[in-house]
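Here's start28.cif, which has mmCIF, C-alpha atoms and all ligand atoms:
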```
data_input
loop_
_atom_site.label_atom_id
_atom_site.label_comp_id
_atom_site.auth_asym_id
_atom_site.auth_seq_id
_atom_site.Cartn_x
_atom_site.Cartn_y
_atom_site.Cartn_z
CA VAL A 3 -46.71 -39.16 82.65
CA SER A 4 -46.30 -37.79 86.16
CA ASN A 5 -42.88 -39.42 86.54
CA ALA A 6 -41.79 -37.84 83.26
CA GLY A 7 -42.74 -34.33 84.47
CA GLY A 8 -46.30 -33.97 83.20
CA LEU A 9 -49.50 -34.24 85.20
CA GLY A 10 -50.84 -37.74 84.70
CA THR A 11 -54.58 -38.22 85.03
CA LEU A 12 -56.31 -41.40 86.14
CA ALA A 13 -59.50 -41.80 84.10
CA GLY A 14 -61.98 -42.81 86.78
CA GLY A 15 -65.30 -42.18 85.05
CA TYR A 16 -66.08 -45.79 84.23
CA LEU A 17 -64.50 -47.36 87.32
CA SER A 18 -66.51 -48.70 90.22
CA PRO A 19 -65.65 -47.03 93.55
CA GLU A 20 -63.75 -50.16 94.64
CA VAL A 21 -61.66 -50.33 91.45
CA LEU A 22 -61.12 -46.56 91.54
CA ARG A 23 -59.69 -46.83 95.05
CA ALA A 24 -57.39 -49.66 93.99
CA GLU A 25 -56.21 -47.70 90.92
CA ILE A 26 -55.52 -44.58 93.00
CA ARG A 27 -53.42 -46.67 95.37
CA ARG A 28 -51.63 -48.33 92.44
CA THR A 29 -50.89 -44.87 90.98
CA ARG A 30 -49.49 -43.76 94.33
CA ALA A 31 -47.26 -46.83 94.37
CA LEU A 32 -45.94 -45.93 90.90
CA THR A 33 -45.25 -42.22 91.45
CA ASP A 34 -44.55 -39.81 94.27
CA LYS A 35 -45.38 -36.90 91.90
CA PRO A 36 -48.77 -35.15 91.76
CA PHE A 37 -51.47 -36.78 89.66
CA ALA A 38 -55.15 -36.09 88.97
CA VAL A 39 -58.26 -38.23 89.06
CA ASN A 40 -60.99 -37.49 86.51
CA LEU A 41 -64.71 -38.24 86.90
CA PHE A 42 -67.88 -37.64 84.91
CA VAL A 43 -70.47 -35.38 86.56
CA PRO A 44 -73.78 -37.24 86.17
CA THR A 45 -76.52 -36.16 83.79
CA ALA A 46 -80.08 -36.85 84.94
CA VAL A 47 -82.13 -38.91 82.48
CA HIS A 48 -85.85 -39.51 83.02
CA ASP A 49 -87.74 -42.37 81.47
CA PRO A 50 -85.58 -42.85 78.37
CA ASN A 51 -87.10 -44.43 75.26
CA LEU A 52 -84.89 -47.37 74.34
CA SER A 53 -86.89 -49.10 71.65
CA ALA A 54 -85.38 -47.62 68.46
CA ALA A 55 -81.84 -48.02 69.82
CA LEU A 56 -82.44 -51.64 70.87
CA ASP A 57 -83.96 -52.40 67.45
CA ALA A 58 -80.92 -50.97 65.69
CA LEU A 59 -78.41 -52.67 67.99
CA GLY A 60 -80.02 -56.13 67.83
CA PRO A 61 -78.64 -57.21 64.41
CA LEU A 62 -75.19 -55.81 65.23
CA ARG A 63 -75.17 -57.77 68.48
CA THR A 64 -76.18 -60.92 66.63
CA GLU A 65 -73.28 -60.41 64.19
CA LEU A 66 -70.91 -60.44 67.15
CA GLY A 67 -72.56 -63.48 68.73
CA LEU A 68 -74.12 -61.49 71.59
CA PRO A 69 -77.69 -62.03 72.88
CA PRO A 70 -80.19 -59.66 71.18
CA ALA A 71 -80.42 -57.20 74.12
CA PRO A 72 -77.78 -56.13 76.64
CA VAL A 73 -78.22 -56.92 80.34
CA ILE A 74 -77.76 -53.64 82.23
CA THR A 75 -77.83 -53.23 85.99
CA SER A 76 -77.18 -49.47 86.13
CA TRP A 77 -76.74 -46.74 83.51
CA ALA A 78 -73.57 -45.37 85.10
CA GLU A 79 -71.30 -45.66 88.12
CA ASP A 80 -72.43 -43.96 91.34
CA PHE A 81 -70.76 -40.52 91.12
CA ASP A 82 -71.22 -39.70 94.81
CA ALA A 83 -69.56 -42.97 95.80
CA GLN A 84 -66.69 -42.36 93.34
CA LEU A 85 -66.24 -38.83 94.68
CA ALA A 86 -66.22 -40.15 98.25
CA VAL A 87 -63.24 -42.33 97.24
CA VAL A 88 -61.43 -39.31 95.72
CA GLU A 89 -61.96 -37.40 98.98
CA ASP A 90 -61.11 -40.33 101.19
CA GLU A 91 -57.87 -41.04 99.32
CA HIS A 92 -56.83 -37.33 99.50
CA VAL A 93 -56.25 -37.14 95.76
CA PRO A 94 -54.22 -33.95 95.11
CA ILE A 95 -56.02 -32.85 91.95
CA PHE A 96 -59.58 -33.64 90.87
CA SER A 97 -60.72 -32.94 87.31
CA PHE A 98 -64.21 -33.40 85.95
CA THR A 99 -66.26 -33.04 82.81
CA PHE A 100 -69.94 -33.04 81.69
CA GLY A 101 -71.03 -30.56 84.40
CA ILE A 102 -70.16 -29.14 87.84
CA PRO A 103 -70.33 -31.13 91.10
CA ASP A 104 -72.70 -29.60 93.66
CA ALA A 105 -71.54 -26.75 95.91
CA GLU A 106 -71.22 -28.94 98.99
CA ALA A 107 -68.90 -31.35 97.19
CA LEU A 108 -66.74 -28.50 95.90
CA THR A 109 -66.52 -27.01 99.41
CA ARG A 110 -65.42 -30.35 100.84
CA LEU A 111 -62.76 -30.71 98.13
CA HIS A 112 -61.47 -27.19 98.81
CA ASP A 113 -61.39 -27.81 102.55
CA ALA A 114 -59.26 -30.87 101.80
CA ALA A 115 -56.90 -28.66 99.68
CA THR A 116 -57.75 -30.61 96.53
CA ILE A 117 -57.19 -28.57 93.36
CA THR A 118 -60.26 -28.76 91.10
CA ILE A 119 -60.21 -28.60 87.29
CA GLY A 120 -63.50 -28.26 85.41
CA THR A 121 -64.02 -28.69 81.66
CA ALA A 122 -65.57 -25.96 79.48
CA THR A 123 -66.33 -26.04 75.76
CA ASN A 124 -67.72 -22.50 75.64
CA VAL A 125 -67.38 -19.22 77.54
CA ASP A 126 -70.62 -19.61 79.53
CA GLU A 127 -69.40 -22.91 80.96
CA ALA A 128 -66.03 -21.35 81.86
CA LEU A 129 -67.81 -18.49 83.69
CA ALA A 130 -70.07 -20.95 85.52
CA LEU A 131 -67.02 -22.94 86.65
CA GLU A 132 -65.43 -19.74 87.96
CA ASP A 133 -68.66 -18.75 89.75
CA ALA A 134 -68.80 -22.17 91.38
CA GLY A 135 -65.34 -21.67 92.84
CA VAL A 136 -63.48 -24.17 90.66
CA ASP A 137 -59.69 -23.57 90.63
CA VAL A 138 -58.73 -24.20 86.98
CA VAL A 139 -60.64 -24.29 83.68
CA CYS A 140 -59.79 -26.83 80.99
CA ALA A 141 -60.93 -25.26 77.69
CA GLN A 142 -61.69 -28.19 75.39
CA GLY A 143 -61.74 -27.25 71.71
CA ALA A 144 -63.65 -28.97 68.91
CA GLU A 145 -60.58 -30.86 67.66
CA ALA A 146 -60.56 -32.98 70.82
CA GLY A 147 -60.92 -36.74 70.75
CA GLY A 148 -63.45 -38.69 72.76
CA HIS A 149 -66.43 -37.10 74.44
CA HIS A 150 -66.93 -33.37 74.31
CA GLY A 151 -67.68 -31.97 77.72
CA THR A 152 -70.52 -29.58 76.79
CA TRP A 153 -73.11 -29.29 79.54
CA ALA A 154 -74.50 -25.76 79.01
CA GLY A 155 -75.77 -24.92 75.55
CA ASP A 156 -76.03 -26.82 72.29
CA PRO A 157 -73.04 -29.20 71.89
CA TRP A 158 -73.04 -28.77 68.08
CA ARG A 159 -72.72 -24.99 68.52
CA SER A 160 -70.06 -25.41 71.20
CA LEU A 161 -67.69 -26.92 68.64
CA ILE A 162 -65.27 -24.02 68.97
CA GLY A 163 -61.75 -24.64 67.71
CA THR A 164 -59.00 -24.52 70.35
CA VAL A 165 -57.33 -21.46 68.78
CA ALA A 166 -60.57 -19.47 69.12
CA LEU A 167 -61.79 -20.94 72.43
CA VAL A 168 -58.67 -20.60 74.58
CA PRO A 169 -58.19 -16.80 74.24
CA MET A 170 -61.94 -16.24 74.69
CA VAL A 171 -61.91 -18.27 77.91
CA CYS A 172 -58.68 -16.57 79.08
CA ASP A 173 -60.30 -13.16 78.54
CA ALA A 174 -63.49 -14.17 80.35
CA VAL A 175 -62.19 -15.76 83.55
CA HIS A 176 -59.55 -14.90 86.12
CA LEU A 177 -58.51 -18.51 86.58
CA PRO A 178 -55.62 -20.45 85.10
CA VAL A 179 -56.68 -22.09 81.83
CA ILE A 180 -55.57 -25.43 80.39
CA ALA A 181 -55.90 -25.77 76.62
CA ALA A 182 -57.13 -29.08 75.17
CA GLY A 183 -57.98 -30.27 71.68
CA GLY A 184 -55.67 -31.00 68.76
CA ILE A 185 -52.44 -30.39 70.71
CA MET A 186 -50.04 -33.11 69.59
CA ASP A 187 -46.48 -31.86 70.05
CA GLY A 188 -44.30 -28.97 71.25
CA ARG A 189 -45.62 -26.73 68.48
CA GLY A 190 -49.14 -27.21 69.80
CA VAL A 191 -48.10 -26.63 73.42
CA ALA A 192 -46.21 -23.45 72.41
CA ALA A 193 -49.32 -22.25 70.54
CA ALA A 194 -51.51 -22.95 73.59
CA LEU A 195 -49.15 -20.95 75.81
CA CYS A 196 -49.13 -18.08 73.26
CA LEU A 197 -52.94 -18.06 73.40
CA GLY A 198 -52.83 -17.45 77.15
CA ALA A 199 -53.17 -20.97 78.52
CA GLY A 200 -50.97 -21.94 81.45
CA ALA A 201 -50.79 -25.57 80.39
CA ALA A 202 -51.87 -28.01 77.70
CA GLN A 203 -53.89 -31.22 78.04
CA LEU A 204 -53.26 -33.98 75.53
CA GLY A 205 -55.26 -37.15 75.00
CA THR A 206 -54.81 -38.39 71.43
CA ALA A 207 -51.02 -37.87 71.55
CA PHE A 208 -50.75 -40.62 74.18
CA MET A 209 -53.01 -43.19 72.59
CA LEU A 210 -50.28 -45.15 70.83
CA THR A 211 -48.26 -45.52 74.04
CA PRO A 212 -48.29 -49.01 75.56
CA GLU A 213 -49.55 -47.46 78.81
CA ALA A 214 -52.76 -46.23 77.15
CA GLY A 215 -54.25 -49.70 76.81
CA THR A 216 -55.64 -48.78 73.38
CA ALA A 217 -57.15 -51.89 71.71
CA ALA A 218 -55.28 -53.32 68.68
CA PRO A 219 -57.88 -52.35 66.01
CA HIS A 220 -58.01 -48.84 67.46
CA ARG A 221 -54.21 -48.53 67.22
CA ARG A 222 -54.25 -49.81 63.65
CA ALA A 223 -56.94 -47.31 62.66
CA MET A 224 -54.97 -44.47 64.26
CA ARG A 225 -51.72 -45.47 62.55
CA THR A 226 -53.29 -45.12 59.11
CA ALA A 227 -55.61 -42.21 59.94
CA ARG A 228 -55.62 -39.22 57.62
CA ALA A 229 -56.61 -35.68 58.60
CA THR A 230 -60.12 -36.20 57.19
CA ASP A 231 -60.84 -39.51 58.95
CA THR A 232 -62.34 -38.36 62.27
CA ALA A 233 -66.02 -37.54 62.64
CA LEU A 234 -68.38 -36.40 65.36
CA THR A 235 -71.28 -38.53 66.50
CA SER A 236 -73.79 -38.23 69.30
CA HIS A 237 -75.43 -41.57 68.45
CA VAL A 238 -72.92 -44.08 69.80
CA THR A 239 -73.12 -43.02 73.46
CA GLY A 240 -75.84 -40.35 73.46
CA ARG A 241 -73.21 -37.62 73.89
CA LEU A 242 -71.19 -35.81 71.25
CA ALA A 243 -67.82 -37.49 70.70
CA ARG A 244 -65.06 -37.52 68.09
CA GLY A 245 -63.44 -40.63 66.69
CA ILE A 246 -62.37 -42.30 63.46
CA HIS A 247 -65.39 -42.72 61.25
CA ASN A 248 -66.55 -46.35 61.08
CA ARG A 249 -69.54 -48.57 60.46
CA LEU A 250 -70.95 -48.23 64.01
CA MET A 251 -71.28 -44.46 63.52
CA GLU A 252 -72.98 -45.07 60.14
CA GLU A 253 -75.38 -47.73 61.44
CA LEU A 254 -76.59 -45.52 64.31
CA GLN A 255 -76.56 -42.21 62.43
CA HIS A 256 -80.32 -41.97 61.83
CA VAL A 257 -81.52 -43.86 64.91
CA GLU A 258 -83.38 -42.02 67.65
CA VAL A 259 -81.12 -42.83 70.60
CA PRO A 260 -81.56 -42.12 74.34
CA PRO A 261 -79.19 -39.57 75.92
CA TYR A 262 -75.89 -40.30 77.69
CA PRO A 263 -75.25 -42.29 79.85
CA VAL A 264 -78.13 -44.55 78.75
CA MET A 265 -77.00 -45.02 75.14
CA ASN A 266 -73.44 -45.43 76.38
CA ALA A 267 -74.56 -48.30 78.59
CA LEU A 268 -76.61 -49.84 75.76
CA THR A 269 -73.56 -49.99 73.46
CA THR A 270 -70.82 -50.83 76.00
CA ASP A 271 -70.72 -54.62 75.66
CA LEU A 272 -71.16 -54.43 71.87
CA ARG A 273 -68.16 -52.11 71.55
CA ARG A 274 -66.08 -54.11 74.02
CA THR A 275 -66.84 -57.39 72.23
CA ALA A 276 -65.98 -55.86 68.84
CA ALA A 277 -62.63 -54.68 70.24
CA GLN A 278 -61.93 -58.15 71.66
CA ARG A 279 -62.73 -59.68 68.25
CA ASP A 280 -60.34 -57.27 66.56
CA ASP A 281 -63.27 -55.62 64.75
CA GLY A 282 -62.55 -51.90 64.37
CA GLU A 283 -65.86 -51.28 62.59
CA LEU A 284 -68.24 -51.94 65.50
CA MET A 285 -66.29 -50.38 68.37
CA SER A 286 -65.61 -46.74 69.21
CA LEU A 287 -62.34 -45.43 67.78
CA TRP A 288 -62.22 -42.25 69.85
CA CYS A 289 -59.39 -39.88 68.98
CA GLY A 290 -58.96 -36.26 67.97
CA GLN A 291 -58.29 -34.48 64.71
CA GLY A 292 -54.57 -34.63 65.47
CA ALA A 293 -54.53 -38.45 65.19
CA PRO A 294 -52.16 -38.53 62.18
CA LEU A 295 -49.59 -36.76 64.36
CA ALA A 296 -49.70 -39.40 67.15
CA ARG A 297 -46.37 -41.18 67.62
CA ASP A 298 -45.34 -44.54 69.04
CA GLY A 299 -43.23 -44.67 72.18
CA SER A 300 -43.70 -44.91 75.92
CA ALA A 301 -45.61 -42.23 77.82
CA GLN A 302 -42.26 -41.07 79.21
CA GLU A 303 -40.85 -40.74 75.68
CA VAL A 304 -43.92 -38.82 74.49
CA VAL A 305 -43.62 -36.35 77.40
CA GLY A 306 -39.84 -36.07 76.87
CA ALA A 307 -40.24 -35.40 73.13
CA LEU A 308 -42.98 -32.84 73.83
CA MET A 309 -40.83 -30.91 76.25
CA ALA A 310 -37.72 -30.98 74.03
CA ASN A 311 -39.81 -29.90 71.04
CA LEU A 312 -41.47 -27.12 73.06
CA VAL A 313 -38.09 -25.70 74.08
CA ALA A 314 -36.83 -25.85 70.46
CA VAL A 315 -39.97 -24.13 69.14
CA VAL A 316 -39.78 -21.36 71.73
CA GLN A 317 -36.05 -20.85 71.07
CA ASP A 318 -36.71 -20.59 67.31
CA LEU A 319 -39.49 -18.09 67.94
CA TYR A 320 -37.26 -16.05 70.21
CA ALA A 321 -34.32 -16.19 67.77
CA SER A 322 -36.46 -15.07 64.83
CA SER A 323 -37.99 -12.20 66.82
CA ALA A 324 -34.49 -11.13 67.95
CA ASP A 325 -33.39 -11.25 64.26
CA ASN A 326 -36.38 -9.12 63.29
CA GLU A 327 -35.58 -6.56 65.97
CA ALA A 328 -31.99 -6.43 64.79
CA GLY A 329 -33.30 -5.93 61.26
CA THR A 330 -31.57 -9.04 59.91
C1 LIG B 401 -59.84 -42.03 74.11
C2 LIG B 401 -60.14 -40.77 74.87
C3 LIG B 401 -60.70 -40.88 76.14
C4 LIG B 401 -60.98 -39.71 76.88
N1 LIG B 401 -61.52 -39.85 78.13
C5 LIG B 401 -61.75 -38.73 78.86
C6 LIG B 401 -62.23 -38.84 80.20
O1 LIG B 401 -62.44 -39.94 80.72
N2 LIG B 401 -62.43 -37.68 80.88
C7 LIG B 401 -62.19 -36.44 80.32
O2 LIG B 401 -62.38 -35.42 80.99
N3 LIG B 401 -61.75 -36.32 79.07
C8 LIG B 401 -61.51 -37.43 78.34
N4 LIG B 401 -61.02 -37.29 77.07
C9 LIG B 401 -60.80 -35.95 76.52
C10 LIG B 401 -59.47 -35.40 76.97
O3 LIG B 401 -59.51 -35.03 78.33
C11 LIG B 401 -59.07 -34.13 76.18
O4 LIG B 401 -60.06 -33.15 76.28
C12 LIG B 401 -58.82 -34.43 74.73
O5 LIG B 401 -58.16 -35.65 74.54
C13 LIG B 401 -57.98 -33.31 74.15
O6 LIG B 401 -57.95 -33.37 72.76
P1 LIG B 401 -56.93 -34.33 71.94
O7 LIG B 401 -57.56 -35.68 72.00
O8 LIG B 401 -56.95 -33.72 70.60
O9 LIG B 401 -55.61 -34.28 72.64
C14 LIG B 401 -60.71 -38.43 76.32
C15 LIG B 401 -60.12 -38.35 75.05
C16 LIG B 401 -59.83 -39.49 74.33
C17 LIG B 401 -59.18 -39.35 72.98
#
```
How does the structure come out when it is put into structure tokens?
Ligand SMILES: Cc1cc2nc3c(=O)[nH]c(=O)nc-3n(C[C@H](O)[C@H](O)[C@H](O)COP(=O)(O)O)c2cc1C
Amino acid sequence: VSNAGGLGTLAGGYLSPEVLRAEIRRTRALTDKPFAVNLFVPTAVHDPNLSAALDALGPLRTELGLPPAPVITSWAEDFDAQLAVVEDEHVPIFSFTFGIPDAEALTRLHDAATITIGTATNVDEALALEDAGVDVVCAQGAEAGGHHGTWAGDPWRSLIGTVALVPMVCDAVHLPVIAAGGIMDGRGVAAALCLGAGAAQLGTAFMLTPEAGTAAPHRRAMRTARATDTALTSHVTGRLARGIHNRLMEELQHVEVPPYPVMNALTTDLRRTAAQRDDGELMSLWCGQGAPLARDGSAQEVVGALMANLVAVVQDLYASSADNEAGT
């Protein structure tokens, strides 16, 4: 993506510090353009109750030939150690979601001239990011695929569509805003720019690229997805996320599950094994509402098509407004 003229982001949230360092170095070997590294700000969980979740997961694990309970050594990667790698490797741009890193960490990143991008799903979060001295706000609308970043307020009430959220965030903060959620092509990017965003962030649009590493059943589900096929669940990982509705969402719907990252850790090997067995019903099929608009092609082709389409859309808009002014 970076080589094609976009800002590629290395998803570091689930990588150990050692693997993260190796991936940053591999990215540097593949591009001399700027890129970002993204991490998950940790959420504290005290004494989670696992019993109902383990009871519900047991039969599903047996179906996949897994032992009844997962073996878990830690709920999540060590954020401080991951961040130390980001700092140590002088990553040019650091983006994060699920919260705000502490003030000391942000000061260190600023001193190292690292640009910081924080995720907001409502106006309060955007204001808090600005107060904390973050450089750029990514406004993530409800259409977005994968986890929703909400960390202040009720996630179900922070499901604000991108068209409503972006101008509200632009009006509230004095920072550059990136629009995310449901943006799939040049039309979407043009709309985001019209709403006041300085850039657009796309996830789902890249998921059919070979570079995305999307598992085969996930690709198949996306290729046949209709506009009504995605759903929101907070029961697969303990955090609100959007993906194609499947049996795993159904099975866990009424189970009392521990919060993220605990539930995420409890379901990781189940979901991974289902993906390896080509079973799209027991894995997570994260993607956004725009899934039916996702296209095949390399990441470079997706970025190229986006840019060409954006230019065409803006030219059409300009031509029709010039026609209107001329009274034609
Ligand atoms: C499969 C998938 C994985 C994602 N992983 C991350 C992540 O690791 N960190 C993050 O900040 N956002 C992540 N996101 C959310 C994106 O950053 C972005 O907000 C979202 O994709 C925008 O909406 P769209 O999917 O409609 O393009 C992910 C999205 C998807 C679909």
**Asked** If we count all atoms listed in the file, what is near His150 of chain A at a cut-off of 12 Å, once residues fewer than 4 positions away on the same chain are taken out, given as a PyMOL selection string?
**Response** chain A and resi 42+98-101+121-124+140-146+154+156-162+182-183+234-236+239-245+262+288-290
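Every protein, DNA or RNA residue with an atom at most 12 Å from His92 of chain A, where only C-alpha atoms count and chain neighbours fewer than 2 positions away do not, is listed here: Arg23, Ile26, Arg27, Arg30, Pro36, Phe37, Ala38, Val39, Leu85, Ala86, Val87, Val88, Glu89, Asp90, Pro94, Ile95, Phe96, Arg110, Leu111, His112, Asp113, Ala114, Ala115, Thr116 and Ile117 of chain A.
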**Prompt:** If I put a ball of radius 12 Å at (-39.6, -19.5, 68.1) in the file's coordinates, which residues poke into it when counting only C-alpha atoms, written as an MDAnalysis selection string?
**Reply:** chainID A and resid 188:189 192:193 196 311:326
Selection above as a file: C-alpha atoms, as an mmCIF file, in the frame of the given file:
```
data_model
loop_
_atom_site.group_PDB
_atom_site.id
_atom_site.type_symbol
_atom_site.label_atom_id
_atom_site.label_comp_id
_atom_site.auth_asym_id
_atom_site.auth_seq_id
_atom_site.Cartn_x
_atom_site.Cartn_y
_atom_site.Cartn_z
ATOM 1 C CA GLY A 188 -44.300 -28.970 71.250
ATOM 2 C CA ARG A 189 -45.620 -26.730 68.480
ATOM 3 C CA ALA A 192 -46.210 -23.450 72.410
ATOM 4 C CA ALA A 193 -49.320 -22.250 70.540
ATOM 5 C CA CYS A 196 -49.130 -18.080 73.260
ATOM 6 C CA ASN A 311 -39.810 -29.900 71.040
ATOM 7 C CA LEU A 312 -41.470 -27.120 73.060
ATOM 8 C CA VAL A 313 -38.090 -25.700 74.080
ATOM 9 C CA ALA A 314 -36.830 -25.850 70.460
ATOM 10 C CA VAL A 315 -39.970 -24.130 69.140
ATOM 11 C CA VAL A 316 -39.780 -21.360 71.730
ATOM 12 C CA GLN A 317 -36.050 -20.850 71.070
ATOM 13 C CA ASP A 318 -36.710 -20.590 67.310
ATOM 14 C CA LEU A 319 -39.490 -18.090 67.940
ATOM 15 C CA TYR A 320 -37.260 -16.050 70.210
ATOM 16 C CA ALA A 321 -34.320 -16.190 67.770
ATOM 17 C CA SER A 322 -36.460 -15.070 64.830
ATOM 18 C CA SER A 323 -37.990 -12.200 66.820
ATOM 19 C CA ALA A 324 -34.490 -11.130 67.950
ATOM 20 C CA ASP A 325 -33.390 -11.250 64.260
ATOM 21 C CA ASN A 326 -36.380 -9.120 63.290
#
```
**Request:** Tell me which of A:His48, A:Arg63, A:His220, A:Arg249 sits closest to Leu272 of chain A, counting all atoms listed in the file.
**Result:** A:Arg63
**Message:** Need the shell around Val168 of chain A: protein/DNA/RNA residues with any atom at most 7 Å away, counting only C-alpha atoms. Skip same-chain ones fewer than 3 positions apart. Format as a ChimeraX atom specification?
**Reply:** /A:141,164-165,171-172,181,197,199
**Fill in**
Of A:Ala233, A:Leu66, A:Val138, A:Met309, the one nearest to Val175 of chain A when counting all atoms listed in the file is A:Val138
**Message:** So, with only C-alpha atoms and all ligand atoms as the atoms that count, which of A:Asp231, A:Asp173, A:Glu327, A:Asp187 lies closest to ligand LIG 401 (chain B)?
**Reply:**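 The answer is A:Asp187, which sits nearest to ligand LIG 401 (chain B).
If you measure from each of A:Leu268, A:Ser97, A:Val3, A:Leu295 to ligand LIG 401 (chain B) using only C-alpha atoms and all ligand atoms, the closest one turns out to be A:Ser97.
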Output, as AutoDock Vina command-line options, the centre and edge lengths in Å (one decimal) of the axis-aligned box that contains all listed atoms of segment 115-119 of chain A with 3 Å of margin on each side.
```
--center_x -58.6 --center_y -29.6 --center_z 93.5 --size_x 9.4 --size_y 8.0 --size_z 18.4
```
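Distance annotation: of A:Ala202, A:Met251, A:Leu41, A:Met224, the residue with the minimal separation from Gly151 of chain A is A:Leu41; atom set is all atoms listed in the file.
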**Prompt:** Which residue gives the smallest distance to Pro219 of chain A among A:Ala174, A:Met265, A:Ala201, A:Ala276, with all atoms listed in the file counted?
**Reply:** A:Ala276
